[in-house]
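Shown next: coords-v3.pdb, containing PDB, C-alpha atoms, pLDDT in the B column.
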ATOM      1  CA  MET Z   1     120.615 111.715  98.394  1.00 45.00           C
ATOM      2  CA  LEU Z   2     122.903 110.275  95.728  1.00 48.00           C
ATOM      3  CA  SER Z   3     126.265 110.712  97.447  1.00 53.00           C
ATOM      4  CA  TYR Z   4     126.481 107.282  99.063  1.00 62.00           C
ATOM      5  CA  GLN Z   5     128.818 104.713  97.493  1.00 69.00           C
ATOM      6  CA  HIS Z   6     129.255 101.433  99.313  1.00 77.00           C
ATOM      7  CA  ILE Z   7     132.780 100.788  98.008  1.00 71.00           C
ATOM      8  CA  PHE Z   8     134.095 102.780 101.000  1.00 73.00           C
ATOM      9  CA  HIS Z   9     132.397 100.309 103.369  1.00 78.00           C
ATOM     10  CA  ALA Z  10     132.324  97.011 101.436  1.00 81.00           C
ATOM     11  CA  GLY Z  11     133.188  93.959 103.501  1.00 87.00           C
ATOM     12  CA  ASN Z  12     132.940  95.745 106.846  1.00 93.00           C
ATOM     13  CA  PRO Z  13     131.569  93.953 109.954  1.00 95.00           C
ATOM     14  CA  ALA Z  14     128.003  95.030 109.191  1.00 94.00           C
ATOM     15  CA  ASP Z  15     128.282  93.529 105.700  1.00 95.00           C
ATOM     16  CA  VAL Z  16     129.476  90.257 107.220  1.00 96.00           C
ATOM     17  CA  HIS Z  17     126.487  90.138 109.588  1.00 98.00           C
ATOM     18  CA  LYS Z  18     123.961  91.028 106.895  1.00 97.00           C
ATOM     19  CA  HIS Z  19     125.428  88.826 104.176  1.00 97.00           C
ATOM     20  CA  ALA Z  20     125.893  85.764 106.373  1.00 97.00           C
ATOM     21  CA  LEU Z  21     122.216  85.853 107.354  1.00 98.00           C
ATOM     22  CA  LEU Z  22     121.152  86.534 103.761  1.00 98.00           C
ATOM     23  CA  CYS Z  23     123.138  83.599 102.379  1.00 98.00           C
ATOM     24  CA  ALA Z  24     121.808  81.315 105.100  1.00 97.00           C
ATOM     25  CA  MET Z  25     118.235  82.276 104.174  1.00 98.00           C
ATOM     26  CA  LEU Z  26     118.834  81.747 100.469  1.00 98.00           C
ATOM     27  CA  SER Z  27     120.508  78.402 101.108  1.00 97.00           C
ATOM     28  CA  TYR Z  28     117.476  77.196 103.031  1.00 97.00           C
ATOM     29  CA  MET Z  29     114.954  78.556 100.520  1.00 97.00           C
ATOM     30  CA  THR Z  30     116.676  77.006  97.497  1.00 97.00           C
ATOM     31  CA  ARG Z  31     116.518  73.507  98.977  1.00 96.00           C
ATOM     32  CA  LYS Z  32     112.948  73.209  97.708  1.00 94.00           C
ATOM     33  CA  ASP Z  33     112.538  72.631  93.994  1.00 94.00           C
ATOM     34  CA  LYS Z  34     110.323  75.691  93.643  1.00 96.00           C
ATOM     35  CA  PRO Z  35     111.366  78.976  92.006  1.00 97.00           C
ATOM     36  CA  LEU Z  36     111.598  82.158  94.013  1.00 97.00           C
ATOM     37  CA  SER Z  37     111.931  85.914  93.591  1.00 98.00           C
ATOM     38  CA  TYR Z  38     114.712  88.041  95.052  1.00 98.00           C
ATOM     39  CA  LEU Z  39     114.110  91.780  95.429  1.00 98.00           C
ATOM     40  CA  GLU Z  40     116.531  94.407  96.697  1.00 98.00           C
ATOM     41  CA  THR Z  41     115.706  98.057  97.251  1.00 97.00           C
ATOM     42  CA  HIS Z  42     119.189  99.615  97.547  1.00 95.00           C
ATOM     43  CA  SER Z  43     121.500  97.407  95.507  1.00 96.00           C
ATOM     44  CA  GLY Z  44     124.748  99.309  95.022  1.00 93.00           C
ATOM     45  CA  ARG Z  45     127.120  98.128  92.314  1.00 93.00           C
ATOM     46  CA  ALA Z  46     127.104  94.427  93.407  1.00 94.00           C
ATOM     47  CA  LEU Z  47     130.843  93.813  92.863  1.00 93.00           C
ATOM     48  CA  TYR Z  48     133.600  95.530  94.832  1.00 92.00           C
ATOM     49  CA  ASP Z  49     137.397  95.582  94.682  1.00 89.00           C
ATOM     50  CA  LEU Z  50     138.837  95.642  98.191  1.00 90.00           C
ATOM     51  CA  SER Z  51     142.206  96.734  96.792  1.00 88.00           C
ATOM     52  CA  SER Z  52     140.681  99.913  95.309  1.00 86.00           C
ATOM     53  CA  SER Z  53     141.736 103.308  96.632  1.00 86.00           C
ATOM     54  CA  GLU Z  54     138.224 103.882  98.015  1.00 85.00           C
ATOM     55  CA  ALA Z  55     138.192 100.656 100.034  1.00 77.00           C
ATOM     56  CA  LEU Z  56     141.755 101.160 101.253  1.00 79.00           C
ATOM     57  CA  LYS Z  57     140.972 104.728 102.310  1.00 82.00           C
ATOM     58  CA  THR Z  58     138.658 103.513 105.070  1.00 78.00           C
ATOM     59  CA  GLY Z  59     140.113 100.036 105.595  1.00 81.00           C
ATOM     60  CA  GLU Z  60     136.761  98.796 106.883  1.00 88.00           C
ATOM     61  CA  ALA Z  61     137.101  95.349 105.313  1.00 88.00           C
ATOM     62  CA  GLU Z  62     140.135  94.670 107.508  1.00 90.00           C
ATOM     63  CA  ALA Z  63     137.881  94.653 110.580  1.00 89.00           C
ATOM     64  CA  GLY Z  64     135.193  92.758 108.693  1.00 88.00           C
ATOM     65  CA  ILE Z  65     135.587  89.995 106.144  1.00 94.00           C
ATOM     66  CA  THR Z  66     139.393  89.888 106.412  1.00 92.00           C
ATOM     67  CA  ALA Z  67     139.337  89.397 110.189  1.00 93.00           C
ATOM     68  CA  LEU Z  68     136.222  87.213 110.364  1.00 94.00           C
ATOM     69  CA  THR Z  69     136.505  84.776 107.425  1.00 94.00           C
ATOM     70  CA  ASP Z  70     138.307  82.103 109.429  1.00 95.00           C
ATOM     71  CA  LYS Z  71     135.574  82.148 112.092  1.00 96.00           C
ATOM     72  CA  PHE Z  72     133.108  80.637 109.607  1.00 96.00           C
ATOM     73  CA  ALA Z  73     133.023  77.006 108.564  1.00 95.00           C
ATOM     74  CA  PRO Z  74     134.354  76.555 105.005  1.00 94.00           C
ATOM     75  CA  ASP Z  75     130.989  75.144 103.909  1.00 96.00           C
ATOM     76  CA  HIS Z  76     128.956  78.078 105.236  1.00 97.00           C
ATOM     77  CA  PRO Z  77     126.780  79.409 102.363  1.00 97.00           C
ATOM     78  CA  TYR Z  78     128.346  82.877 102.710  1.00 97.00           C
ATOM     79  CA  ILE Z  79     131.916  81.558 102.448  1.00 97.00           C
ATOM     80  CA  LYS Z  80     130.993  79.225  99.582  1.00 96.00           C
ATOM     81  CA  ALA Z  81     129.547  82.178  97.617  1.00 96.00           C
ATOM     82  CA  LEU Z  82     132.599  84.343  98.278  1.00 95.00           C
ATOM     83  CA  THR Z  83     134.910  81.495  97.258  1.00 95.00           C
ATOM     84  CA  ALA Z  84     133.033  81.098  93.972  1.00 94.00           C
ATOM     85  CA  LEU Z  85     133.213  84.861  93.415  1.00 94.00           C
ATOM     86  CA  ARG Z  86     136.956  85.035  94.006  1.00 94.00           C
ATOM     87  CA  GLU Z  87     137.610  82.131  91.668  1.00 94.00           C
ATOM     88  CA  GLN Z  88     136.089  84.337  88.946  1.00 91.00           C
ATOM     89  CA  HIS Z  89     137.274  87.812  89.972  1.00 92.00           C
ATOM     90  CA  GLY Z  90     140.369  87.400  92.151  1.00 93.00           C
ATOM     91  CA  GLN Z  91     141.121  87.393  95.863  1.00 93.00           C
ATOM     92  CA  ASP Z  92     140.412  91.111  96.352  1.00 92.00           C
ATOM     93  CA  ALA Z  93     136.839  90.825  95.072  1.00 92.00           C
ATOM     94  CA  TYR Z  94     133.885  91.205  97.397  1.00 93.00           C
ATOM     95  CA  ALA Z  95     130.260  90.591  96.505  1.00 95.00           C
ATOM     96  CA  GLY Z  96     127.461  92.912  97.485  1.00 94.00           C
ATOM     97  CA  SER Z  97     124.135  91.323  98.337  1.00 96.00           C
ATOM     98  CA  PRO Z  98     122.764  91.278  94.743  1.00 97.00           C
ATOM     99  CA  LEU Z  99     125.712  89.213  93.553  1.00 96.00           C
ATOM    100  CA  LEU Z 100     125.667  86.991  96.629  1.00 97.00           C
ATOM    101  CA  ALA Z 101     122.008  86.339  95.853  1.00 97.00           C
ATOM    102  CA  ALA Z 102     122.738  85.578  92.200  1.00 97.00           C
ATOM    103  CA  LEU Z 103     125.509  83.152  93.205  1.00 95.00           C
ATOM    104  CA  SER Z 104     123.046  81.411  95.551  1.00 96.00           C
ATOM    105  CA  LEU Z 105     120.046  81.228  93.209  1.00 96.00           C
ATOM    106  CA  ARG Z 106     119.060  79.013  90.267  1.00 96.00           C
ATOM    107  CA  PRO Z 107     118.205  79.785  86.616  1.00 95.00           C
ATOM    108  CA  THR Z 108     114.481  79.523  87.408  1.00 95.00           C
ATOM    109  CA  ASP Z 109     114.679  82.262  90.067  1.00 97.00           C
ATOM    110  CA  LYS Z 110     114.051  85.964  89.364  1.00 98.00           C
ATOM    111  CA  LEU Z 111     116.001  89.018  90.556  1.00 98.00           C
ATOM    112  CA  HIS Z 112     114.605  92.574  90.814  1.00 98.00           C
ATOM    113  CA  LEU Z 113     117.260  95.131  91.817  1.00 98.00           C
ATOM    114  CA  ALA Z 114     116.840  98.874  92.366  1.00 98.00           C
ATOM    115  CA  GLU Z 115     119.631 101.456  92.501  1.00 95.00           C
ATOM    116  CA  LEU Z 116     119.117 105.187  92.014  1.00 93.00           C
ATOM    117  CA  HIS Z 117     122.742 106.436  91.920  1.00 91.00           C
ATOM    118  CA  PRO Z 118     123.598 106.775  88.174  1.00 92.00           C
ATOM    119  CA  GLN Z 119     127.142 105.381  88.284  1.00 92.00           C
ATOM    120  CA  GLU Z 120     126.255 102.646  90.758  1.00 93.00           C
ATOM    121  CA  HIS Z 121     123.240 101.677  88.672  1.00 95.00           C
ATOM    122  CA  GLN Z 122     125.331 101.362  85.513  1.00 96.00           C
ATOM    123  CA  ALA Z 123     127.909  99.238  87.337  1.00 95.00           C
ATOM    124  CA  LEU Z 124     125.082  97.118  88.762  1.00 96.00           C
ATOM    125  CA  ARG Z 125     123.678  96.516  85.271  1.00 96.00           C
ATOM    126  CA  ASP Z 126     127.105  95.610  83.907  1.00 96.00           C
ATOM    127  CA  THR Z 127     127.786  93.126  86.703  1.00 95.00           C
ATOM    128  CA  MET Z 128     124.331  91.568  86.839  1.00 96.00           C
ATOM    129  CA  ARG Z 129     123.712  91.277  83.090  1.00 93.00           C
ATOM    130  CA  ARG Z 130     125.065  87.740  82.978  1.00 91.00           C
ATOM    131  CA  HIS Z 131     122.743  86.790  85.847  1.00 92.00           C
ATOM    132  CA  ASN Z 132     119.585  87.825  83.992  1.00 88.00           C
ATOM    133  CA  ALA Z 133     118.603  90.327  86.684  1.00 96.00           C
ATOM    134  CA  LYS Z 134     116.123  93.131  86.103  1.00 97.00           C
ATOM    135  CA  CYS Z 135     117.770  96.377  87.250  1.00 98.00           C
ATOM    136  CA  TYR Z 136     115.702  99.480  87.972  1.00 98.00           C
ATOM    137  CA  LYS Z 137     117.068 103.037  88.085  1.00 97.00           C
ATOM    138  CA  GLN Z 138     114.341 103.903  90.543  1.00 95.00           C
ATOM    139  CA  ASP Z 139     113.698 104.621  94.200  1.00 95.00           C
ATOM    140  CA  GLY Z 140     113.928 101.239  95.882  1.00 96.00           C
ATOM    141  CA  PHE Z 141     110.719 101.512  97.842  1.00 96.00           C
ATOM    142  CA  GLU Z 142     108.824 102.568  94.721  1.00 97.00           C
ATOM    143  CA  MET Z 143     110.178  99.528  92.889  1.00 98.00           C
ATOM    144  CA  ALA Z 144     109.278  97.196  95.738  1.00 98.00           C
ATOM    145  CA  GLN Z 145     105.744  98.498  96.034  1.00 97.00           C
ATOM    146  CA  ALA Z 146     105.252  98.265  92.253  1.00 98.00           C
ATOM    147  CA  VAL Z 147     106.652  94.733  91.882  1.00 98.00           C
ATOM    148  CA  CYS Z 148     104.953  93.187  94.927  1.00 98.00           C
ATOM    149  CA  PRO Z 149     103.587  90.631  94.922  1.00 98.00           C
ATOM    150  CA  PRO Z 150     106.254  89.296  92.565  1.00 98.00           C
ATOM    151  CA  GLU Z 151     106.040  86.248  90.370  1.00 97.00           C
ATOM    152  CA  PRO Z 152     107.044  83.727  91.616  1.00 98.00           C
ATOM    153  CA  ARG Z 153     105.324  84.700  94.864  1.00 98.00           C
ATOM    154  CA  ARG Z 154     107.736  82.708  96.987  1.00 98.00           C
ATOM    155  CA  GLY Z 155     110.782  84.813  97.772  1.00 98.00           C
ATOM    156  CA  ILE Z 156     112.795  87.300  99.768  1.00 98.00           C
ATOM    157  CA  MET Z 157     113.343  91.049  99.799  1.00 98.00           C
ATOM    158  CA  LEU Z 158     116.341  92.846 101.270  1.00 98.00           C
ATOM    159  CA  ILE Z 159     115.864  96.460 102.366  1.00 98.00           C
ATOM    160  CA  ASP Z 160     119.282  97.997 102.929  1.00 94.00           C
ATOM    161  CA  PRO Z 161     119.232 101.816 102.778  1.00 92.00           C
ATOM    162  CA  SER Z 162     122.258 103.992 103.468  1.00 87.00           C
ATOM    163  CA  TYR Z 163     120.249 105.893 106.119  1.00 90.00           C
ATOM    164  CA  GLU Z 164     121.851 109.100 104.878  1.00 83.00           C
ATOM    165  CA  ILE Z 165     118.274 110.301 104.515  1.00 81.00           C
ATOM    166  CA  LYS Z 166     117.254 110.491 108.180  1.00 81.00           C
ATOM    167  CA  SER Z 167     113.561 110.215 107.311  1.00 88.00           C
ATOM    168  CA  ASP Z 168     114.205 106.572 106.325  1.00 91.00           C
ATOM    169  CA  TYR Z 169     113.979 105.611 109.985  1.00 95.00           C
ATOM    170  CA  ASP Z 170     110.458 107.068 110.179  1.00 95.00           C
ATOM    171  CA  ALA Z 171     109.261 105.781 106.788  1.00 95.00           C
ATOM    172  CA  ILE Z 172     110.491 102.186 106.930  1.00 97.00           C
ATOM    173  CA  PRO Z 173     107.933 100.685 109.351  1.00 98.00           C
ATOM    174  CA  SER Z 174     104.986 101.803 107.230  1.00 97.00           C
ATOM    175  CA  GLN Z 175     106.745 100.663 104.049  1.00 97.00           C
ATOM    176  CA  ILE Z 176     107.277  97.195 105.509  1.00 98.00           C
ATOM    177  CA  ALA Z 177     103.698  96.982 106.781  1.00 98.00           C
ATOM    178  CA  LYS Z 178     102.375  97.877 103.333  1.00 98.00           C
ATOM    179  CA  LEU Z 179     104.721  95.419 101.593  1.00 98.00           C
ATOM    180  CA  HIS Z 180     103.666  92.641 103.930  1.00 98.00           C
ATOM    181  CA  ARG Z 181      99.990  93.305 103.221  1.00 97.00           C
ATOM    182  CA  LYS Z 182     100.696  92.999  99.488  1.00 97.00           C
ATOM    183  CA  TRP Z 183     103.047  90.019  99.830  1.00 98.00           C
ATOM    184  CA  ASN Z 184     102.149  88.147 102.975  1.00 97.00           C
ATOM    185  CA  VAL Z 185     104.244  85.075 102.085  1.00 98.00           C
ATOM    186  CA  GLY Z 186     107.419  87.039 101.349  1.00 98.00           C
ATOM    187  CA  VAL Z 187     110.475  87.100 103.575  1.00 98.00           C
ATOM    188  CA  ILE Z 188     111.193  90.794 104.190  1.00 98.00           C
ATOM    189  CA  ALA Z 189     114.657  91.447 105.635  1.00 98.00           C
ATOM    190  CA  LEU Z 190     115.618  94.897 106.882  1.00 98.00           C
ATOM    191  CA  TRP Z 191     119.205  95.838 107.724  1.00 97.00           C
ATOM    192  CA  TYR Z 192     120.006  98.868 109.865  1.00 97.00           C
ATOM    193  CA  PRO Z 193     123.144 100.323 111.481  1.00 96.00           C
ATOM    194  CA  ILE Z 194     123.537 100.606 115.228  1.00 96.00           C
ATOM    195  CA  LEU Z 195     124.990 104.049 115.792  1.00 95.00           C
ATOM    196  CA  THR Z 196     126.194 105.779 118.941  1.00 95.00           C
ATOM    197  CA  SER Z 197     123.114 108.009 118.610  1.00 94.00           C
ATOM    198  CA  ASP Z 198     120.700 105.029 118.909  1.00 94.00           C
ATOM    199  CA  ALA Z 199     118.824 106.431 115.900  1.00 94.00           C
ATOM    200  CA  HIS Z 200     117.426 102.969 115.142  1.00 96.00           C
ATOM    201  CA  VAL Z 201     115.645 102.484 118.461  1.00 97.00           C
ATOM    202  CA  PRO Z 202     112.308 104.232 117.684  1.00 97.00           C
ATOM    203  CA  MET Z 203     112.126 102.473 114.288  1.00 97.00           C
ATOM    204  CA  VAL Z 204     112.625  99.035 115.832  1.00 98.00           C
ATOM    205  CA  ARG Z 205     110.089  99.805 118.552  1.00 98.00           C
ATOM    206  CA  THR Z 206     107.509 100.711 115.892  1.00 98.00           C
ATOM    207  CA  LEU Z 207     108.297  97.597 113.840  1.00 98.00           C
ATOM    208  CA  LYS Z 208     107.813  95.358 116.881  1.00 97.00           C
ATOM    209  CA  ALA Z 209     104.492  97.015 117.676  1.00 98.00           C
ATOM    210  CA  GLN Z 210     103.118  95.989 114.246  1.00 97.00           C
ATOM    211  CA  ASN Z 211     102.977  92.314 115.311  1.00 93.00           C
ATOM    212  CA  LEU Z 212     104.345  91.059 112.004  1.00 98.00           C
ATOM    213  CA  PRO Z 213     104.558  87.258 111.673  1.00 98.00           C
ATOM    214  CA  ASN Z 214     107.521  85.045 112.519  1.00 97.00           C
ATOM    215  CA  VAL Z 215     109.949  87.900 113.181  1.00 98.00           C
ATOM    216  CA  LEU Z 216     113.641  87.330 113.786  1.00 98.00           C
ATOM    217  CA  HIS Z 217     115.309  90.388 115.308  1.00 98.00           C
ATOM    218  CA  HIS Z 218     119.070  90.053 115.636  1.00 98.00           C
ATOM    219  CA  GLU Z 219     121.811  92.520 116.516  1.00 98.00           C
ATOM    220  CA  VAL Z 220     125.580  92.232 116.876  1.00 97.00           C
ATOM    221  CA  SER Z 221     128.034  94.706 118.380  1.00 96.00           C
ATOM    222  CA  PHE Z 222     131.588  95.503 117.326  1.00 95.00           C
ATOM    223  CA  PRO Z 223     134.156  98.249 117.956  1.00 92.00           C
ATOM    224  CA  PRO Z 224     134.242 101.246 115.606  1.00 91.00           C
ATOM    225  CA  VAL Z 225     136.221 100.305 112.509  1.00 85.00           C
ATOM    226  CA  ARG Z 226     138.241 103.512 112.755  1.00 81.00           C
ATOM    227  CA  GLU Z 227     138.634 106.467 115.076  1.00 81.00           C
ATOM    228  CA  GLY Z 228     135.542 108.644 115.195  1.00 76.00           C
ATOM    229  CA  HIS Z 229     133.323 106.146 113.390  1.00 82.00           C
ATOM    230  CA  ARG Z 230     129.812 106.156 114.828  1.00 87.00           C
ATOM    231  CA  MET Z 231     128.666 102.653 113.842  1.00 92.00           C
ATOM    232  CA  ILE Z 232     129.088 100.186 116.696  1.00 96.00           C
ATOM    233  CA  GLY Z 233     126.832  97.367 115.558  1.00 96.00           C
ATOM    234  CA  SER Z 234     124.509  95.910 112.958  1.00 97.00           C
ATOM    235  CA  GLY Z 235     120.858  94.874 113.114  1.00 98.00           C
ATOM    236  CA  MET Z 236     118.508  92.716 111.059  1.00 98.00           C
ATOM    237  CA  PHE Z 237     114.710  92.657 111.400  1.00 98.00           C
ATOM    238  CA  ILE Z 238     113.288  89.790 109.341  1.00 98.00           C
ATOM    239  CA  VAL Z 239     109.598  89.112 108.698  1.00 98.00           C
ATOM    240  CA  ASN Z 240     108.600  85.520 107.859  1.00 98.00           C
ATOM    241  CA  ALA Z 241     112.077  84.350 108.853  1.00 98.00           C
ATOM    242  CA  PRO Z 242     112.888  80.921 107.372  1.00 97.00           C
ATOM    243  CA  TYR Z 243     113.007  77.885 109.613  1.00 94.00           C
ATOM    244  CA  GLY Z 244     116.253  77.486 111.537  1.00 93.00           C
ATOM    245  CA  LEU Z 245     117.483  81.052 111.060  1.00 97.00           C
ATOM    246  CA  ASP Z 246     117.466  81.647 114.810  1.00 96.00           C
ATOM    247  CA  ALA Z 247     120.237  79.048 115.149  1.00 95.00           C
ATOM    248  CA  GLU Z 248     122.277  80.825 112.474  1.00 95.00           C
ATOM    249  CA  ALA Z 249     121.786  84.121 114.321  1.00 97.00           C
ATOM    250  CA  LYS Z 250     123.013  82.591 117.571  1.00 96.00           C
ATOM    251  CA  SER Z 251     126.150  81.309 115.864  1.00 95.00           C
ATOM    252  CA  LEU Z 252     126.807  84.778 114.444  1.00 95.00           C
ATOM    253  CA  THR Z 253     126.556  86.256 117.911  1.00 96.00           C
ATOM    254  CA  GLN Z 254     129.447  83.984 118.902  1.00 95.00           C
ATOM    255  CA  ILE Z 255     131.494  85.040 115.846  1.00 93.00           C
ATOM    256  CA  PHE Z 256     131.220  88.693 116.760  1.00 93.00           C
TER     257      PHE Z 256
END
Please rewrite the model in this file as structure tokens.
Amino acid sequence: MLSYQHIFHAGNPADVHKHALLCAMLSYMTRKDKPLSYLETHSGRALYDLSSSEALKTGEAEAGITALTDKFAPDHPYIKALTALREQHGQDAYAGSPLLAALSLRPTDKLHLAELHPQEHQALRDTMRRHNAKCYKQDGFEMAQAVCPPEPRRGIMLIDPSYEIKSDYDAIPSQIAKLHRKWNVGVIALWYPILTSDAHVPMVRTLKAQNLPNVLHHEVSFPPVREGHRMIGSGMFIVNAPYGLDAEAKSLTQIF
């Protein structure tokens, strides 16, 4: 489906959870003077305006980044990246994960970003051009399977579907298993929503049964961001989780 546009949800509590963990991982991985690859399967447009009519229509950022910013230390990698972004684009700007990654990486690192929605893909290309990212107008899983193992081999992949296609829940475990076989040193990070339907539960059960290495599984709960909203939490399932990420996850539990 090509109806999903993240501008309606940018900066919500799930974004805060996902992006804080992502920035913590990138901060740790860039401490070594070795290049890395960053891959993302469902990239969106990368740069969002929280004062736009779409963002204001749902108001999800109010319960997310607006309410939670002060709960982070000013030197947290996530806050440092957002501060750098807003110095360039204004206080209403919010970075999607591709731009957060670009703000955290170095000139020697490589970015591979997939986005199938035509307008979102064009906006992604426009935003990421200055960051020398390779943008694919392609199914994200097809891109990931084609690029892996990337060069440099050291790196991280974020899988962040909209889950509007319900078959994603069934397909993801086998996709991750195949990606790990191709790229056994890669950090593979999956985000998923926690809905009132518990649609994620069978997927997580299957992922755990695959006995993937050094897994960090972390979930946070939060109230619905508006009346009738079905998302009540956010989950991350990370293969080859970097050292120390469990401590970051515990601190996020306290924030939420």
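Across the chains present, the PyMOL selection byres ((chain Z and resi 37) around 6) applied to this file returns Leu36, Tyr38, Asp109, Lys110, Leu111, Pro152 and Gly155 of chain Z.
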Print the selection's residues with C-alpha atoms to a file, as a PDB file, in the coordinates of the input.
ATOM      1  CA  LEU Z  36     111.598  82.158  94.013  1.00 97.00           C
ATOM      2  CA  TYR Z  38     114.712  88.041  95.052  1.00 98.00           C
ATOM      3  CA  ASP Z 109     114.679  82.262  90.067  1.00 97.00           C
ATOM      4  CA  LYS Z 110     114.051  85.964  89.364  1.00 98.00           C
ATOM      5  CA  LEU Z 111     116.001  89.018  90.556  1.00 98.00           C
ATOM      6  CA  PRO Z 152     107.044  83.727  91.616  1.00 98.00           C
ATOM      7  CA  GLY Z 155     110.782  84.813  97.772  1.00 98.00           C
TER       8      GLY Z 155
END
- Message: Please list as a PyMOL selection string every residue within 7 Å of His9 (chain Z), counting only C-alpha atoms and excluding residues in the same chain fewer than 2 positions away.
- Response: chain Z and resi 6-7+11-12+55+60
Output the residue selection produced by the PyMOL selection byres ((chain Z and resi 240) around 7) on the file above, formatted as a CSV table (one decimal) with C-alpha atoms, in the coordinates of the input.
chain,number,residue,atom,x,y,z
Z,186,GLY,CA,107.4,87.0,101.3
Z,187,VAL,CA,110.5,87.1,103.6
Z,188,ILE,CA,111.2,90.8,104.2
Z,213,PRO,CA,104.6,87.3,111.7
Z,214,ASN,CA,107.5,85.0,112.5
Z,215,VAL,CA,109.9,87.9,113.2
Z,238,ILE,CA,113.3,89.8,109.3
Z,239,VAL,CA,109.6,89.1,108.7
Z,241,ALA,CA,112.1,84.4,108.9
Z,242,PRO,CA,112.9,80.9,107.4
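Picked by the PyMOL selection byres ((chain Z and resi 146) around 12) from the coordinates shown: Leu39, Thr41, His112, Ala114, Tyr136, Gln138, Asp139, Gly140, Phe141, Glu142, Met143, Ala144, Gln145, Val147, Cys148, Pro149, Pro150, Lys178, Leu179, Lys182 and Trp183 of chain Z.
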- Task: Name all residues at most 10 Å from Thr206 (chain Z) (count all atoms listed in the file; drop same-chain ones fewer than 3 positions away) and give them as a list in words.
- Result: Asp170, Ile172, Pro173, Ser174, Val201, Pro202, Met203, Ala209, Gln210 and Asn211 of chain Z
- Considering all atoms listed in the file, return as a ChimeraX atom specification whatever protein or nucleic-acid residues lie within 8 Å of Leu252 (chain Z), sequence-local ones (same chain, fewer than 4 positions apart) excluded. /Z:17,220,248,256
Closest atom pairs, region 88-177 of chain Z residues within 12 Å of region 61-76 of chain Z, only C-alpha atoms, as a Markdown table:
| residue | atom | partner | partner_atom | distance |
| --- | --- | --- | --- | --- |
| Z:Gln91 | CA | Z:Thr66 | CA | 11.0 |
| Z:Asp92 | CA | Z:Thr66 | CA | 10.2 |
| Z:Ala93 | CA | Z:Ile65 | CA | 11.2 |
| Z:Tyr94 | CA | Z:Ile65 | CA | 9.0 |
| Z:Ala95 | CA | Z:Ile65 | CA | 11.0 |
| Z:Ser104 | CA | Z:His76 | CA | 11.8 |
- Query: So which residues touch Ile232 (chain Z) within 9 Å, counting all atoms listed in the file, skipping near sequence neighbours fewer than 4 positions away, as a PyMOL selection string?
  - Reply: chain Z and resi 193-196+220-225
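CA of His42 (chain Z) is found 13.7 Å from CA of Ala101 (chain Z).
Nearest-residue note for Glu151 (chain Z): choosing from Z:Ser53, Z:Pro35, Z:Ala199, Z:His131, the minimum distance belongs to Z:Pro35, counting only C-alpha atoms.
Taking CA of Pro161 (chain Z) and CA of Lys137 (chain Z) as endpoints, the distance between them is 14.9 Å.
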- Have a look at CA of Ile156 (chain Z) and CA of Leu47 (chain Z) and let me know their distance in Å, one decimal. 20.4 Å
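Between Glu219 (chain Z) and the candidates Z:Asp160, Z:Leu124, Z:Phe8, Z:Pro13, the tightest atom-to-atom separation, counting only C-alpha atoms, involves Z:Pro13.
If only C-alpha atoms are the atoms counted, then among Z:Ala20, Z:Ala14, Z:Met25, Z:Leu99 the closest residue to Ser234 (chain Z) is Z:Ala14.
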- Message: Could you check which residues have any atom within 8 Å of (121.4, 84.7, 111.3), counting only C-alpha atoms with coordinates taken straight from the file, and then list them as a PyMOL selection string?
- Response: chain Z and resi 17+20-22+24+218+245-252
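Distance annotation: of Z:Ala177, Z:Met231, Z:Leu85, Z:Arg45, the residue with the minimal separation from His117 (chain Z) is Z:Arg45; atom set is all atoms listed in the file.
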Can I get N, CA and C atoms for region 146-155 of chain Z, as a CSV table (one decimal), in the first residue's frame?
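Listing of out.csv after writing:
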chain,number,residue,atom,x,y,z
Z,146,ALA,N,19.0,-7.3,-1.7
Z,146,ALA,CA,19.9,-7.1,-2.8
Z,146,ALA,C,21.2,-6.5,-2.4
Z,147,VAL,N,21.2,-5.6,-1.4
Z,147,VAL,CA,22.4,-4.9,-1.0
Z,147,VAL,C,23.2,-5.7,0.0
Z,148,CYS,N,22.6,-6.5,0.8
Z,148,CYS,CA,23.3,-7.3,1.8
Z,148,CYS,C,24.1,-8.5,1.2
Z,149,PRO,N,25.3,-8.7,1.7
Z,149,PRO,CA,26.0,-7.9,2.7
Z,149,PRO,C,26.6,-6.6,2.1
Z,150,PRO,N,26.4,-5.4,2.7
Z,150,PRO,CA,26.8,-4.2,2.2
Z,150,PRO,C,28.4,-4.0,2.3
Z,151,GLU,N,28.8,-3.0,1.7
Z,151,GLU,CA,30.3,-2.6,1.8
Z,151,GLU,C,30.3,-1.1,2.3
Z,152,PRO,N,30.8,-0.8,3.4
Z,152,PRO,CA,31.5,-1.7,4.4
Z,152,PRO,C,30.5,-2.7,5.0
Z,153,ARG,N,31.1,-3.8,5.5
Z,153,ARG,CA,30.3,-4.9,6.1
Z,153,ARG,C,29.8,-4.5,7.5
Z,154,ARG,N,30.5,-3.7,8.2
Z,154,ARG,CA,30.1,-3.3,9.5
Z,154,ARG,C,29.0,-2.3,9.4
Z,155,GLY,N,27.9,-2.5,10.1
Z,155,GLY,CA,26.8,-1.6,10.0
Z,155,GLY,C,25.5,-2.0,10.7
